[in-house]
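Presented below is the structure to which this report refers.
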Amino acid sequence: MNLEQILDYIRENPGISPNISDWKTYPAKPALYADFPEKIDKRIIQHLNENGIERLYSHQSDAVKAVLDNKDIVVVTPTASGKTLCYNIPVLNKILEDTNSRALYLFPTKALAQDQLSELYSLIQKLDVDIKTYTFDGDTPQTARRLIRSAGHIVVTNPDMLHAGILPHHTKWIKLFENLKYVVIDEIHHYRGVFGSHLANVIKRLKRICKFYGSNPIFICCSATIANPDELTKRIIGKDVTLIDNNGAPSGERHFIIYNPPVINKQLGIRKNAVSEATSLAAMFLQQKIQTIVFARYRLYVEVLLTYLQRQLKKKFDNSINIAGYRGGYLPNERRRIEQGLRNGSITGVVSTNALELGIDIGSLDVSIIVGYPGSIASLWQQAGRAGRRSGTAITIMVANSTAINQFLCSESKYIFDRTPESGIIDPDNLIIRTNHLKCAAFELPFEKSETDKENGQTEILEYLSDANLVRKSGTRYHWSSEIYPAQQVSLRSAAPENFVILNESDNYRVIGEVDYFSAPIFLHPDAIYLHSAVQYQVTNFDWEGKKATVKEVNVDFYTDAETKSELKVLAVNNEESFENSVMSHGDVTVTSTTVLYKKIKFETHENVGSGELKMPELEMHTTAFWYAFPGDINFRLDIAGSVFGGALRGVANILGKIAPLWVMCDPRDLRSISQVRAPFTERPTIYIYENIPGGVGLSEKLYFEYDKLFESCLDHIRRCPCDDGCPSCIGPPMETGNAGKENVIKLFEYMLAIAPV
């Protein structure tokens, strides 16, 4: 069967069609063209003409014009719309005009940087000009680095390398910084939360060094569709930007299907497992050898899905269908092999985390299956865009799971198709992040007092660093005085320490992957089953001090899933709003968490076949939170029995924690919610939503200012949920809510919305 026949089969199949909650068809769209701007070098136009590009798309033309008029820009168009030319044309044009000109390209991952370099290098070769383009990252040989520093016209790198490998050594990069004309930041929507907060500080350091060397580069940024691309870009680069969003690229016909697995227990609101349903849908395409990508949110789900697909398809097709896994933790060579296999067609299907969400060239796939809402609408559309990137019909199927946010989107698909409620949020002034980058900046160049006085709070931080003997104050200057190399101490990807490495004792203790600091107790605890490329490994030794875990290959029919317990204490209140008898607040908190047990989950049936207690180290995190404190007698006011009141409060916390990520464009794991029947700080029944990020990055503050929209959406969703009296799709399973029931949770939300501020 071809794609059209499979679409007909889906429409007519009584086992599939009743589960489709929405099906949106986007007709093919013709291109909108515009002329080349007059200032472009004729050699570039001639080359593009020879390659069939006689005119630019409308957004490409507008972007190039704006850059040539010395404007900082952000281009916001869908995947595969030709954003690359928006920056390659003006950059190459400037270098052809002045051979001393330099440009810096930033991509969020090394894989994407390598991919874009290949396209740029091909373009330069065809122009037959001497424009030297190099990648500078951790894999660049030492022998090549001196040549890149002295002769590289275009340096392609990532924020991590700019932070730790270029800025601290700016005296070796004088040629670059003296002549830097353009800075390109691709996939800027990717830089939100912690990563974006770090990048804003890295860019501030970059601009400071450029000013020292007498340059003032133009910023060319590209983004997927979010609510505030210009605002996010402005916060990252510290400058006003021109927004270019008039997409002129053509597109083939696209089908976006929202598939909601059937209910198998109406009373409990339990639906058929999304992973199993996605396996069946993917197999339907793969057995016809239609190239398909399956996205899963967690590395564990990737490995489980890969295991299921390989088992199912190997029985029927033996080795003629090749399916691979792809996620963080795989080593670089393994990932490059998979990318190449997708491009040349030797790999029919791939199961991936969001690692393949960005624009790495993996060829022209036909189908994208997304298992569960990926955490943001922007990510959802990026993953959908990996199918049909070039032309022809493309199919995306989002397979919902039973969680509240997935069910909310099934019933309110307008949040996917009609509008983008999300904003990319960063907090460059996060105290931990800002202090770390001030250390790096002081190492790079001394701070003048006149410079620090312009930045709110900067002098105080430098005085603190002076008291700690990290900087030395001399006259009106602050000099770095420590032997520590500060950039090596700061990871841009998190506010956490370094990763844990995984050693396979069955293969000479070869390194097979890595896990971040806060995830290590969850995935690498003693006796955990760690899945990698559908191979099962059992953790035999977990070395907390040495930041490593030893594993051995095993063959078991289950995987493990760990649970953590958290305690929260309020440190300070930053914002507060009093109501008639309630208080809503935002402030600083500490959260202490520990992994307490693990469950053994059987493959295929997903039943619990065993468990074990764990004694893992406690992890303490200082972060920020939004909380709502009810009156102390709220259960009497609303006639909620004391025996179920705690469960009703947990139901409110459950739904808030699950729907809130939609408003702040974050991964659901970045927010956590808890309830306390008598909170130590407020001495009242209180609901907390805290950021699962050290220091916080502003997510909880936005929730504080948009609480009414959030509360209304949660209440509407609970009312619409078809379950009898509460389920995992709304307030949570009865075992969590103590059979409190939907009615009592609805009463609490109605109270929260009925009171106006005094």
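Within each chain, counting starts at residue 1; across the structure tokens, chains are named A, B, ... in the order shown, with ligands numbered 1 upward in that order.
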What lies within 12 Å of Val371 in chain A using only C-alpha atoms, ignoring chain neighbours under 4 positions off, as a PyMOL selection string? chain A and resi 258-261+273-282+293-298+301-302+305+351-354+375+380+383-384+396-402+406
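Excluding range 598-604 of chain A and any residue on its chain fewer than 5 positions from it, the residues at most 8 Å away by only C-alpha atoms are Ser276, Val304, Tyr308, Ala528, Asp557, Phe558, Tyr559, Thr560, Asp561, Ala562, Glu563, Val609, Gly610, Ser611, Gly612, Glu613 and Leu614 of chain A.
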Output N, CA and C atoms for every residue in the selection just made, as an mmCIF file, in the first residue's frame.
data_model
loop_
_atom_site.group_PDB
_atom_site.id
_atom_site.type_symbol
_atom_site.label_atom_id
_atom_site.label_comp_id
_atom_site.auth_asym_id
_atom_site.auth_seq_id
_atom_site.Cartn_x
_atom_site.Cartn_y
_atom_site.Cartn_z
ATOM 1 N N SER A 276 1.941 0.934 23.127
ATOM 2 C CA SER A 276 1.480 -0.227 22.350
ATOM 3 C C SER A 276 0.732 0.210 21.092
ATOM 4 N N VAL A 304 11.891 1.009 24.866
ATOM 5 C CA VAL A 304 10.763 0.067 24.913
ATOM 6 C C VAL A 304 10.103 -0.029 23.532
ATOM 7 N N TYR A 308 9.828 -3.312 21.026
ATOM 8 C CA TYR A 308 8.557 -3.838 20.507
ATOM 9 C C TYR A 308 8.562 -3.921 18.987
ATOM 10 N N ALA A 528 18.850 -1.345 38.746
ATOM 11 C CA ALA A 528 18.043 -0.770 37.661
ATOM 12 C C ALA A 528 18.331 -1.519 36.363
ATOM 13 N N ASP A 557 12.653 -9.893 30.915
ATOM 14 C CA ASP A 557 11.427 -9.483 30.231
ATOM 15 C C ASP A 557 10.742 -8.326 30.961
ATOM 16 N N PHE A 558 11.541 -7.445 31.565
ATOM 17 C CA PHE A 558 10.956 -6.294 32.250
ATOM 18 C C PHE A 558 11.961 -5.140 32.228
ATOM 19 N N TYR A 559 11.461 -3.957 32.550
ATOM 20 C CA TYR A 559 12.326 -2.794 32.751
ATOM 21 C C TYR A 559 11.953 -2.170 34.086
ATOM 22 N N THR A 560 12.724 -1.200 34.569
ATOM 23 C CA THR A 560 12.459 -0.612 35.884
ATOM 24 C C THR A 560 12.043 0.847 35.756
ATOM 25 N N ASP A 561 11.239 1.274 36.717
ATOM 26 C CA ASP A 561 10.751 2.655 36.762
ATOM 27 C C ASP A 561 10.841 3.113 38.216
ATOM 28 N N ALA A 562 11.575 4.204 38.472
ATOM 29 C CA ALA A 562 11.828 4.646 39.848
ATOM 30 C C ALA A 562 10.876 5.764 40.265
ATOM 31 N N GLU A 563 10.662 5.885 41.587
ATOM 32 C CA GLU A 563 9.820 6.939 42.140
ATOM 33 C C GLU A 563 10.626 7.752 43.152
ATOM 34 N N VAL A 609 5.592 -6.328 38.197
ATOM 35 C CA VAL A 609 5.960 -7.700 38.570
ATOM 36 C C VAL A 609 6.945 -7.731 39.736
ATOM 37 N N GLY A 610 7.081 -6.623 40.418
ATOM 38 C CA GLY A 610 7.989 -6.595 41.562
ATOM 39 C C GLY A 610 8.433 -5.180 41.869
ATOM 40 N N SER A 611 9.027 -4.994 43.037
ATOM 41 C CA SER A 611 9.509 -3.665 43.422
ATOM 42 C C SER A 611 10.640 -3.815 44.424
ATOM 43 N N GLY A 612 11.278 -2.714 44.723
ATOM 44 C CA GLY A 612 12.363 -2.734 45.692
ATOM 45 C C GLY A 612 12.563 -1.367 46.305
ATOM 46 N N GLU A 613 12.949 -1.342 47.580
ATOM 47 C CA GLU A 613 13.220 -0.072 48.246
ATOM 48 C C GLU A 613 14.630 0.394 47.903
ATOM 49 N N LEU A 614 14.812 1.708 47.931
ATOM 50 C CA LEU A 614 16.118 2.285 47.623
ATOM 51 C C LEU A 614 16.522 3.277 48.710
#
Using only C-alpha atoms, which protein or nucleic acid residues come within 9 Å of range 5-16 of chain A? Drop anything in the same chain fewer than 4 positions from it, and give the result as a PyMOL selection string. chain A and resi 1+20+259+261+284-285+395
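CA of Thr79 in chain A is found 13.1 Å from CA of Ile362 in chain A.
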Selection near range 532-547 of chain A, 6 Å with only C-alpha atoms, sequence-local residues under 4 positions removed, as number ranges by chain: A: 303, 307, 325, 500, 526-528, 551-554
Assign secondary structure with DSSP using the backbone only, and return the residues of range 237-483 of chain A in strand (DSSP E) as an MDAnalysis selection string. chainID A and resid 242:244 254:259 263:265 270:271 292:296 323:326 349:352 367:371 394:399 447:448 471:474 477:480
Write the residues of the selection above to a file with C-alpha atoms, as an mmCIF file, in the first residue's frame.
data_model
loop_
_atom_site.group_PDB
_atom_site.id
_atom_site.type_symbol
_atom_site.label_atom_id
_atom_site.label_comp_id
_atom_site.auth_asym_id
_atom_site.auth_seq_id
_atom_site.Cartn_x
_atom_site.Cartn_y
_atom_site.Cartn_z
ATOM 1 C CA THR A 242 12.928 42.925 13.194
ATOM 2 C CA LEU A 243 10.457 40.022 12.950
ATOM 3 C CA ILE A 244 10.267 38.215 9.561
ATOM 4 C CA ARG A 254 -0.097 17.322 5.104
ATOM 5 C CA HIS A 255 -2.335 15.234 7.327
ATOM 6 C CA PHE A 256 -2.212 15.786 11.096
ATOM 7 C CA ILE A 257 -4.155 13.139 13.024
ATOM 8 C CA ILE A 258 -4.791 13.185 16.771
ATOM 9 C CA TYR A 259 -5.301 9.577 17.866
ATOM 10 C CA VAL A 263 -10.930 3.622 26.951
ATOM 11 C CA ILE A 264 -10.567 0.180 28.516
ATOM 12 C CA ASN A 265 -11.832 1.160 31.989
ATOM 13 C CA ILE A 270 -7.789 4.267 31.793
ATOM 14 C CA ARG A 271 -7.034 4.090 28.075
ATOM 15 C CA THR A 292 8.805 6.503 9.444
ATOM 16 C CA ILE A 293 10.085 8.331 12.510
ATOM 17 C CA VAL A 294 8.577 7.682 15.944
ATOM 18 C CA PHE A 295 9.159 10.286 18.665
ATOM 19 C CA ALA A 296 8.952 9.418 22.364
ATOM 20 C CA ILE A 323 14.797 -0.013 12.673
ATOM 21 C CA ALA A 324 17.160 2.023 14.852
ATOM 22 C CA GLY A 325 16.988 3.976 18.101
ATOM 23 C CA TYR A 326 18.335 7.525 18.495
ATOM 24 C CA GLY A 349 12.418 3.526 10.688
ATOM 25 C CA VAL A 350 13.875 5.319 13.671
ATOM 26 C CA VAL A 351 12.600 5.727 17.227
ATOM 27 C CA SER A 352 13.937 8.936 18.759
ATOM 28 C CA VAL A 367 5.458 9.625 8.377
ATOM 29 C CA SER A 368 5.993 11.078 11.848
ATOM 30 C CA ILE A 369 4.363 9.368 14.846
ATOM 31 C CA ILE A 370 4.534 11.295 18.114
ATOM 32 C CA VAL A 371 3.924 9.266 21.281
ATOM 33 C CA ALA A 394 3.115 13.686 4.658
ATOM 34 C CA ILE A 395 1.367 12.165 7.670
ATOM 35 C CA THR A 396 1.731 13.037 11.338
ATOM 36 C CA ILE A 397 -0.069 11.050 14.035
ATOM 37 C CA MET A 398 0.028 12.217 17.646
ATOM 38 C CA VAL A 399 -0.855 9.254 19.866
ATOM 39 C CA PHE A 447 35.433 44.944 34.879
ATOM 40 C CA GLU A 448 35.501 48.734 35.067
ATOM 41 C CA VAL A 471 38.298 38.604 41.959
ATOM 42 C CA ARG A 472 40.607 41.385 43.163
ATOM 43 C CA LYS A 473 39.508 44.999 43.309
ATOM 44 C CA SER A 474 42.229 47.413 42.219
ATOM 45 C CA ARG A 477 38.706 47.696 38.304
ATOM 46 C CA TYR A 478 37.809 44.130 39.235
ATOM 47 C CA HIS A 479 40.423 41.546 38.081
ATOM 48 C CA TRP A 480 40.099 37.768 38.087
#
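Close contacts of Asp716 in chain A, defined as residues with an atom at most 10 Å away when counting only C-alpha atoms, with chain neighbours fewer than 4 positions off set aside, comprise Phe408, Phe711, Glu712, Arg720, Cys721, Ile746 and Phe749 of chain A.
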Would you return as a PyMOL selection string the members of range 267-428 of chain A that DSSP assigns to alpha helix (DSSP H) on this structure's backbone? chain A and resi 274-286+299-317+332-344+377-384+404-411+414-417
Please, could you write that set of residues out with C-alpha atoms as a PDB file, in the first residue's frame?
ATOM      1  CA  ALA A 274      -0.061   4.760  24.039  1.00  0.00           C
ATOM      2  CA  VAL A 275       3.251   2.953  23.501  1.00  0.00           C
ATOM      3  CA  SER A 276       1.480  -0.227  22.350  1.00  0.00           C
ATOM      4  CA  GLU A 277      -0.879   1.731  20.087  1.00  0.00           C
ATOM      5  CA  ALA A 278       2.016   3.687  18.565  1.00  0.00           C
ATOM      6  CA  THR A 279       3.835   0.404  17.924  1.00  0.00           C
ATOM      7  CA  SER A 280       0.862  -0.937  15.930  1.00  0.00           C
ATOM      8  CA  LEU A 281       0.452   2.279  13.939  1.00  0.00           C
ATOM      9  CA  ALA A 282       4.180   2.507  13.147  1.00  0.00           C
ATOM     10  CA  ALA A 283       4.306  -1.144  12.118  1.00  0.00           C
ATOM     11  CA  MET A 284       1.457  -0.484   9.656  1.00  0.00           C
ATOM     12  CA  PHE A 285       3.708   1.946   7.753  1.00  0.00           C
ATOM     13  CA  LEU A 286       7.035   0.190   8.289  1.00  0.00           C
ATOM     14  CA  ARG A 299      14.780   7.662  26.672  1.00  0.00           C
ATOM     15  CA  LEU A 300      13.108   4.716  28.428  1.00  0.00           C
ATOM     16  CA  TYR A 301      10.120   4.861  26.064  1.00  0.00           C
ATOM     17  CA  VAL A 302      12.475   5.016  23.075  1.00  0.00           C
ATOM     18  CA  GLU A 303      14.098   1.764  24.110  1.00  0.00           C
ATOM     19  CA  VAL A 304      10.763   0.067  24.913  1.00  0.00           C
ATOM     20  CA  LEU A 305       9.256   1.112  21.556  1.00  0.00           C
ATOM     21  CA  LEU A 306      12.377   0.016  19.702  1.00  0.00           C
ATOM     22  CA  THR A 307      12.226  -3.367  21.430  1.00  0.00           C
ATOM     23  CA  TYR A 308       8.557  -3.838  20.507  1.00  0.00           C
ATOM     24  CA  LEU A 309       9.007  -2.829  16.841  1.00  0.00           C
ATOM     25  CA  GLN A 310      12.073  -4.984  16.339  1.00  0.00           C
ATOM     26  CA  ARG A 311      10.306  -7.998  17.851  1.00  0.00           C
ATOM     27  CA  GLN A 312       7.114  -7.466  15.855  1.00  0.00           C
ATOM     28  CA  LEU A 313       8.689  -6.797  12.461  1.00  0.00           C
ATOM     29  CA  LYS A 314      11.523  -9.284  12.696  1.00  0.00           C
ATOM     30  CA  LYS A 315       8.996 -12.136  12.906  1.00  0.00           C
ATOM     31  CA  LYS A 316       7.476 -11.151   9.552  1.00  0.00           C
ATOM     32  CA  PHE A 317      10.318  -9.579   7.621  1.00  0.00           C
ATOM     33  CA  PRO A 332      28.523  10.336  18.388  1.00  0.00           C
ATOM     34  CA  ASN A 333      29.689   7.720  15.866  1.00  0.00           C
ATOM     35  CA  GLU A 334      26.569   5.645  16.506  1.00  0.00           C
ATOM     36  CA  ARG A 335      24.330   8.688  15.903  1.00  0.00           C
ATOM     37  CA  ARG A 336      26.163   9.640  12.661  1.00  0.00           C
ATOM     38  CA  ARG A 337      25.704   6.083  11.349  1.00  0.00           C
ATOM     39  CA  ILE A 338      21.948   6.253  11.979  1.00  0.00           C
ATOM     40  CA  GLU A 339      21.624   9.692  10.338  1.00  0.00           C
ATOM     41  CA  GLN A 340      23.452   8.391   7.257  1.00  0.00           C
ATOM     42  CA  GLY A 341      21.245   5.284   7.152  1.00  0.00           C
ATOM     43  CA  LEU A 342      18.097   7.408   7.155  1.00  0.00           C
ATOM     44  CA  ARG A 343      19.437   9.605   4.348  1.00  0.00           C
ATOM     45  CA  ASN A 344      20.418   6.708   2.086  1.00  0.00           C
ATOM     46  CA  ILE A 377       3.424  23.040  20.751  1.00  0.00           C
ATOM     47  CA  ALA A 378       6.625  24.274  19.078  1.00  0.00           C
ATOM     48  CA  SER A 379       8.252  20.863  19.638  1.00  0.00           C
ATOM     49  CA  LEU A 380       5.100  19.136  18.392  1.00  0.00           C
ATOM     50  CA  TRP A 381       5.266  21.006  15.078  1.00  0.00           C
ATOM     51  CA  GLN A 382       9.025  20.532  14.798  1.00  0.00           C
ATOM     52  CA  GLN A 383       8.561  16.780  15.161  1.00  0.00           C
ATOM     53  CA  ALA A 384       5.661  16.810  12.709  1.00  0.00           C
ATOM     54  CA  ALA A 404      -4.295  15.307  31.711  1.00  0.00           C
ATOM     55  CA  ILE A 405      -2.386  17.497  29.257  1.00  0.00           C
ATOM     56  CA  ASN A 406      -2.743  14.914  26.457  1.00  0.00           C
ATOM     57  CA  GLN A 407      -6.473  14.555  27.073  1.00  0.00           C
ATOM     58  CA  PHE A 408      -6.807  18.333  27.306  1.00  0.00           C
ATOM     59  CA  LEU A 409      -5.266  18.687  23.831  1.00  0.00           C
ATOM     60  CA  CYS A 410      -7.497  15.922  22.437  1.00  0.00           C
ATOM     61  CA  SER A 411     -10.598  17.827  23.508  1.00  0.00           C
ATOM     62  CA  LYS A 414      -7.460  24.475  18.832  1.00  0.00           C
ATOM     63  CA  TYR A 415      -4.350  24.811  21.020  1.00  0.00           C
ATOM     64  CA  ILE A 416      -2.501  22.806  18.359  1.00  0.00           C
ATOM     65  CA  PHE A 417      -4.161  23.976  15.152  1.00  0.00           C
TER      66      PHE A 417
END
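For the set A:Thr476, A:Trp663, A:Cys730, A:Ala28, the residue with the smallest atom-to-atom gap to Glu706 in chain A is A:Trp663, counting only C-alpha atoms.
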Give me the residues near Lys615 in chain A as a list of chain:residue names, where near means some atom within 10 Å (using only C-alpha atoms) and where sequence neighbours in that chain fewer than 6 positions away do not count. A:Pro521, A:His525, A:Pro526, A:Thr594, A:Thr595, A:Val596, A:Leu597
